[in-house]
Structure formats: C-alpha cells, structure tokens
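Participant: The structure under discussion is supplied below as structure tokens; questions concerning it will follow.
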Amino acid sequence: MQLDVIPQIKHTKSDNFFLLAGPCAIEGEDMALRIAERVVEITNKLEIPYVFKGSFKKANRSRIDSFTGIGDKKALKILRKVSETFKVPTVTDIHEVSDAAKAAEYVDVLQIPAFLVRQTDLVVAAAKTGKVVNLKKGQFMSPESMQHAVRKVSDSGSDKAWITDRGTMFGYQDMVVDFRGIPTMKQYAPVVLDVTHSLQQPNQSSGVTGGRPALIGTMARAGIAAGVDGLFMETHFDPANAKSDGANMLDLSLLEKLLTDLVAIRRTINGL
C-alpha cells in the first residue's frame, strides 16, 4: 500500500520512514494544536511523511477513575481541526464496531488496539469504512499470526492495512520487542514500530502503567536499523502531567534531535 492513498500526507518521495505521533489522548484543543504545530514543523524540515495521532477516547484503562476522554464528538472535532489547520492526516484508535463509522467521518486512519486486534467485527467494520486500518499486534500474538488480521481487512475489500508492533508481554509487568518479527510481518503489510508503548510497564500495583522513556531513542534506532516502514510514538510537552500514558511518552522538546538522528540512520540503511 502506498502512502499516497492517505489524504494530505506529504514527503512521500523522500524515502524516509513515516511517522505517527502525537499525544496519547486528546485532552483539549490548545494542547493538540500546540503538539501538532511542533511536530509538523519538524517533519517538514526533515521531509518525514507525518500522521498526527490522538485518541478520541481511552477505553482500556487499569482503573475506573482513570482519564478516558473529554467527550467523543468534542475530541473528534479537535482531530478534524488539527487536520484542517496543518494540512496533515490524522489517526485515532477505535474500540467498538460503532466507533468505526463515527471516527471515519473525522480521521484518515483507524487504529485497532492490540488487545482488540482479534475482534473480527471491529476489524471488518474499520476496513469497510475505506480508511487505512492500523492493526496493532496483540501482546499475546506471534508475528506470523498477524497475517490473519491483515487477511480480515483484505477479505473485507480493502488493501489499506498496516501492522504495528508494540512488543510482547514478558512476565506480568514488562514488554519486549522481538525484532525478528519485523521482516516476518513485512511479508503481510507495511510495518510500524510503536516505540513508546513497547516501553510500557503495565500491571503496576498502583493501577497506573509505568514506562522506560529513557530507552525511546534506543528502541527507535533499533527499529530503523531493522527496516520498519514507519514509527509510532506518543509525545507531549509536559509528559509528567499528561492525563494518559505520561510515564512512557517522549518529551516534545527531545523530538527534533531524535528524528534527525533517525533520518541519518535511515539514509545510511538506504545506501547499503
């Protein structure tokens, strides 16, 4: 699948990896526009194809008192405003069959969360919207098993599928990325590495997921070296006070240096 099928995406001829980046959740209009403006500035400078990411709601939370969103319609309208303001495509995750058509009115890529990627009705509903479907590999699934998730999309009449690896559960409280899975999954669809979620430390006794953000650069560089087509990372100008997943997000102030390094690595890999 070519990136050119996504409305408003830029720099598709640069031979760079593509990037899905933004906050974990849409907390408000000002924060979304502020993050998008900075990431757009950086990706235009480095000629990286960019899709703004933001969850319009967070259905998978450890505790009932965790932040889940500001309201579906309000958050989806903010995603549309980001797209219209900065002329970039957007991606959000969906959790129920009814979410597919609702979110497809506002965004360009529908993301299936890792815990839900085996939910046939959800995957089929996303595919039938005609949008790109980003399938997150379940923490409990092998790379080989993702061919069946991709086939659900194609059997629904769409060739617009990506696979995103976000690590495999290692014990109760850690995630590990097996880079042997990257070339395996590239046989089925373009492959994205979710850099930040692969560094999560879930199932903490506090009910708040932890993370290892100091390793974001290491993980991202390894992904580019392994040949991923795209990178996914969550970023925020104030991770410590983000309402969701702050423990494993990249501080926005560090993004330009990291992406500059990654573009250099990609250029070297392309020249081999």
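Labels for the structure tokens follow display order: chains A, B, ..., residues from 1 in each chain, ligands from 1.
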Contacts of stretch 257-259 of chain A at 9 Å or less, counting only C-alpha atoms, minus same-chain residues fewer than 5 places along, as a ChimeraX atom specification?
Facilitator: /A:42-43,46,48,217,220-221,264
Participant: I'd like the contact shell of A:Thr168 - 9 Å cut-off, only C-alpha atoms, skipping same-chain residues fewer than 3 positions apart - returned as a PyMOL selection string.
Facilitator: chain A and resi 137-142+165+174-178+198
Participant: Find the residue from A:Ile265, A:Leu110, A:Ala127, A:Leu252 that sits nearest to A:Phe237; use only C-alpha atoms when measuring.
Facilitator: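 Of all the options, A:Leu252 lies closest to A:Phe237.
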Participant: Just want the 9 Å neighbourhood of A:Lys131, counted on only C-alpha atoms, with same-chain residues fewer than 5 positions away dropped. Output as an mmCIF file with N, CA and C atoms, in the first residue's frame.
Facilitator:
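The file below, out_4.cif, is the result:
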data_model
loop_
_atom_site.group_PDB
_atom_site.id
_atom_site.type_symbol
_atom_site.label_atom_id
_atom_site.label_comp_id
_atom_site.auth_asym_id
_atom_site.auth_seq_id
_atom_site.Cartn_x
_atom_site.Cartn_y
_atom_site.Cartn_z
ATOM 1 N N ILE A 6 -3.331 8.238 1.382
ATOM 2 C CA ILE A 6 -3.777 8.968 2.568
ATOM 3 C C ILE A 6 -3.882 10.453 2.231
ATOM 4 N N ALA A 104 -14.484 7.551 11.363
ATOM 5 C CA ALA A 104 -14.101 7.690 9.951
ATOM 6 C C ALA A 104 -14.578 8.999 9.348
ATOM 7 N N VAL A 107 -11.294 11.288 10.742
ATOM 8 C CA VAL A 107 -9.874 10.957 10.644
ATOM 9 C C VAL A 107 -9.591 10.123 9.395
ATOM 10 N N ASP A 108 -8.304 9.935 9.117
ATOM 11 C CA ASP A 108 -7.880 9.247 7.889
ATOM 12 C C ASP A 108 -7.408 7.820 8.121
ATOM 13 N N VAL A 109 -6.986 7.510 9.336
ATOM 14 C CA VAL A 109 -6.500 6.168 9.679
ATOM 15 C C VAL A 109 -7.215 5.721 10.949
ATOM 16 N N LEU A 110 -7.754 4.501 10.919
ATOM 17 C CA LEU A 110 -8.387 3.909 12.099
ATOM 18 C C LEU A 110 -7.454 2.872 12.689
ATOM 19 N N ALA A 126 -13.878 -1.487 10.544
ATOM 20 C CA ALA A 126 -12.863 -0.487 10.191
ATOM 21 C C ALA A 126 -12.512 -0.569 8.714
ATOM 22 N N SER A 158 -10.556 -4.297 1.290
ATOM 23 C CA SER A 158 -9.592 -3.201 1.413
ATOM 24 C C SER A 158 -8.165 -3.732 1.389
ATOM 25 N N LYS A 160 -5.794 -1.576 2.458
ATOM 26 C CA LYS A 160 -5.185 -0.484 3.225
ATOM 27 C C LYS A 160 -4.951 -0.914 4.673
ATOM 28 N N ALA A 161 -3.958 -1.770 4.876
ATOM 29 C CA ALA A 161 -3.648 -2.243 6.228
ATOM 30 C C ALA A 161 -2.188 -2.010 6.551
#
Participant: From a DSSP pass on the backbone, collect the residues of stretch 23-143 of chain A flagged as strand (DSSP E or B) and hand them back as a ChimeraX atom specification.
Facilitator: /A:25,50-53,55,90-93,109-112,132-136
Participant: Could you please take those selected residues and save N, CA and C atoms as a CSV table (one decimal), in the first residue's frame?
Facilitator:
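Now in again-v3.csv:
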chain,number,residue,atom,x,y,z
A,25,ALA,N,-3.8,10.9,24.4
A,25,ALA,CA,-5.2,11.2,24.4
A,25,ALA,C,-5.4,12.7,24.1
A,50,TYR,N,4.0,12.4,7.7
A,50,TYR,CA,3.6,12.5,9.1
A,50,TYR,C,2.1,12.4,9.2
A,51,VAL,N,1.6,11.6,10.2
A,51,VAL,CA,0.2,11.5,10.5
A,51,VAL,C,0.1,11.8,12.0
A,52,PHE,N,-0.8,12.8,12.3
A,52,PHE,CA,-1.0,13.2,13.7
A,52,PHE,C,-1.8,12.2,14.4
A,53,LYS,N,-1.4,11.8,15.6
A,53,LYS,CA,-2.1,10.7,16.4
A,53,LYS,C,-2.7,11.3,17.7
A,55,SER,N,-5.9,9.9,20.6
A,55,SER,CA,-7.1,9.0,20.9
A,55,SER,C,-8.2,9.9,21.3
A,90,THR,N,-4.8,12.3,10.0
A,90,THR,CA,-4.8,12.0,11.4
A,90,THR,C,-5.2,10.5,11.6
A,91,VAL,N,-4.8,10.0,12.8
A,91,VAL,CA,-5.2,8.6,13.2
A,91,VAL,C,-5.7,8.6,14.6
A,92,THR,N,-6.7,7.8,14.9
A,92,THR,CA,-7.2,7.6,16.2
A,92,THR,C,-7.6,6.1,16.3
A,93,ASP,N,-7.6,5.6,17.6
A,93,ASP,CA,-8.0,4.2,17.8
A,93,ASP,C,-9.5,4.1,18.1
A,109,VAL,N,-7.0,7.5,9.3
A,109,VAL,CA,-6.5,6.2,9.7
A,109,VAL,C,-7.2,5.7,10.9
A,110,LEU,N,-7.8,4.5,10.9
A,110,LEU,CA,-8.4,3.9,12.1
A,110,LEU,C,-7.5,2.9,12.7
A,111,GLN,N,-7.2,3.0,14.0
A,111,GLN,CA,-6.2,2.1,14.6
A,111,GLN,C,-7.0,1.1,15.5
A,112,ILE,N,-6.6,-0.2,15.4
A,112,ILE,CA,-7.2,-1.2,16.2
A,112,ILE,C,-6.2,-1.5,17.3
A,132,VAL,N,-7.5,3.7,5.9
A,132,VAL,CA,-6.4,2.8,6.3
A,132,VAL,C,-6.6,2.3,7.7
A,133,VAL,N,-6.3,1.0,7.9
A,133,VAL,CA,-6.5,0.3,9.2
A,133,VAL,C,-5.2,-0.1,9.7
A,134,ASN,N,-4.8,0.5,10.9
A,134,ASN,CA,-3.6,0.2,11.5
A,134,ASN,C,-3.8,-0.8,12.6
A,135,LEU,N,-3.3,-2.0,12.4
A,135,LEU,CA,-3.6,-3.2,13.2
A,135,LEU,C,-2.4,-3.3,14.2
A,136,LYS,N,-2.7,-3.1,15.5
A,136,LYS,CA,-1.6,-3.3,16.5
A,136,LYS,C,-1.5,-4.8,16.8
Participant: How many Å lie between atom CA of A:Leu231 and atom CA of A:Arg34, rounded to one decimal?
Facilitator: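 Separating atom CA of A:Leu231 from atom CA of A:Arg34 is a distance of 20.7 Å.
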Participant: Pull the alpha helix (DSSP H) assignments for stretch 59-209 of chain A out of DSSP run on the backbone, and list those residues as an MDAnalysis selection string.
Facilitator: chainID A and resid 72:86 97:104 120:128 146:155 181:185
Participant: Could you save those same residues with C-alpha atoms as a PDB file, in the first residue's frame?
Facilitator:
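Okay, this is what ended up in again-v7.pdb:
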ATOM      1  CA  ASP A  72     -16.192  11.632  21.794  1.00  0.00           C
ATOM      2  CA  LYS A  73     -17.594  14.286  19.473  1.00  0.00           C
ATOM      3  CA  LYS A  74     -15.562  17.080  21.046  1.00  0.00           C
ATOM      4  CA  ALA A  75     -12.298  15.145  20.675  1.00  0.00           C
ATOM      5  CA  LEU A  76     -13.083  14.041  17.112  1.00  0.00           C
ATOM      6  CA  LYS A  77     -13.788  17.650  16.133  1.00  0.00           C
ATOM      7  CA  ILE A  78     -10.382  18.622  17.539  1.00  0.00           C
ATOM      8  CA  LEU A  79      -8.746  15.936  15.395  1.00  0.00           C
ATOM      9  CA  ARG A  80     -10.501  17.380  12.365  1.00  0.00           C
ATOM     10  CA  LYS A  81      -9.329  20.884  13.308  1.00  0.00           C
ATOM     11  CA  VAL A  82      -5.718  19.647  13.566  1.00  0.00           C
ATOM     12  CA  SER A  83      -6.036  18.183  10.078  1.00  0.00           C
ATOM     13  CA  GLU A  84      -7.591  21.315   8.595  1.00  0.00           C
ATOM     14  CA  THR A  85      -5.194  23.696  10.355  1.00  0.00           C
ATOM     15  CA  PHE A  86      -1.941  21.966   9.465  1.00  0.00           C
ATOM     16  CA  VAL A  97     -17.931  -1.534  15.994  1.00  0.00           C
ATOM     17  CA  SER A  98     -19.989   1.662  16.247  1.00  0.00           C
ATOM     18  CA  ASP A  99     -16.787   3.698  16.623  1.00  0.00           C
ATOM     19  CA  ALA A 100     -15.612   2.827  13.105  1.00  0.00           C
ATOM     20  CA  ALA A 101     -18.097   4.817  11.067  1.00  0.00           C
ATOM     21  CA  LYS A 102     -18.214   7.587  13.686  1.00  0.00           C
ATOM     22  CA  ALA A 103     -14.448   8.156  13.730  1.00  0.00           C
ATOM     23  CA  ALA A 104     -14.101   7.690   9.951  1.00  0.00           C
ATOM     24  CA  THR A 120     -13.300  -9.769  13.797  1.00  0.00           C
ATOM     25  CA  ASP A 121     -16.354  -7.497  13.753  1.00  0.00           C
ATOM     26  CA  LEU A 122     -14.247  -4.499  14.786  1.00  0.00           C
ATOM     27  CA  VAL A 123     -11.551  -5.111  12.152  1.00  0.00           C
ATOM     28  CA  VAL A 124     -14.147  -5.677   9.431  1.00  0.00           C
ATOM     29  CA  ALA A 125     -16.076  -2.533  10.401  1.00  0.00           C
ATOM     30  CA  ALA A 126     -12.863  -0.487  10.191  1.00  0.00           C
ATOM     31  CA  ALA A 127     -11.943  -1.970   6.807  1.00  0.00           C
ATOM     32  CA  LYS A 128     -15.393  -1.291   5.365  1.00  0.00           C
ATOM     33  CA  MET A 146      -0.833 -11.134  12.193  1.00  0.00           C
ATOM     34  CA  GLN A 147      -1.281 -12.353   8.625  1.00  0.00           C
ATOM     35  CA  HIS A 148      -4.799 -13.396   9.623  1.00  0.00           C
ATOM     36  CA  ALA A 149      -5.658  -9.917  10.907  1.00  0.00           C
ATOM     37  CA  VAL A 150      -4.426  -8.444   7.621  1.00  0.00           C
ATOM     38  CA  ARG A 151      -6.472 -11.007   5.708  1.00  0.00           C
ATOM     39  CA  LYS A 152      -9.619  -9.883   7.540  1.00  0.00           C
ATOM     40  CA  VAL A 153      -9.019  -6.410   6.109  1.00  0.00           C
ATOM     41  CA  SER A 154      -8.377  -7.682   2.583  1.00  0.00           C
ATOM     42  CA  ASP A 155     -11.342 -10.075   2.707  1.00  0.00           C
ATOM     43  CA  GLY A 181       9.202 -10.304  13.774  1.00  0.00           C
ATOM     44  CA  ILE A 182       9.741  -7.178  11.657  1.00  0.00           C
ATOM     45  CA  PRO A 183      10.763  -8.949   8.408  1.00  0.00           C
ATOM     46  CA  THR A 184       8.137 -11.617   9.059  1.00  0.00           C
ATOM     47  CA  MET A 185       5.294  -9.116   9.291  1.00  0.00           C
TER      48      MET A 185
END
Participant: Can you tell me which residues surround A:Leu215 at a distance of at most 12 Å, considering only C-alpha atoms, apart from same-chain residues fewer than 2 positions away, and format the answer as a list in words?
Facilitator: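 Counting only C-alpha atoms, the residues come to Val195, Thr196, His197, Ser198, Leu199, Gln200, Gly211, Arg212, Pro213, Gly217, Thr218, Met219, Ala220, Arg221, Ala222, Asn248, Met249, Leu250 and Leu258 of chain A.
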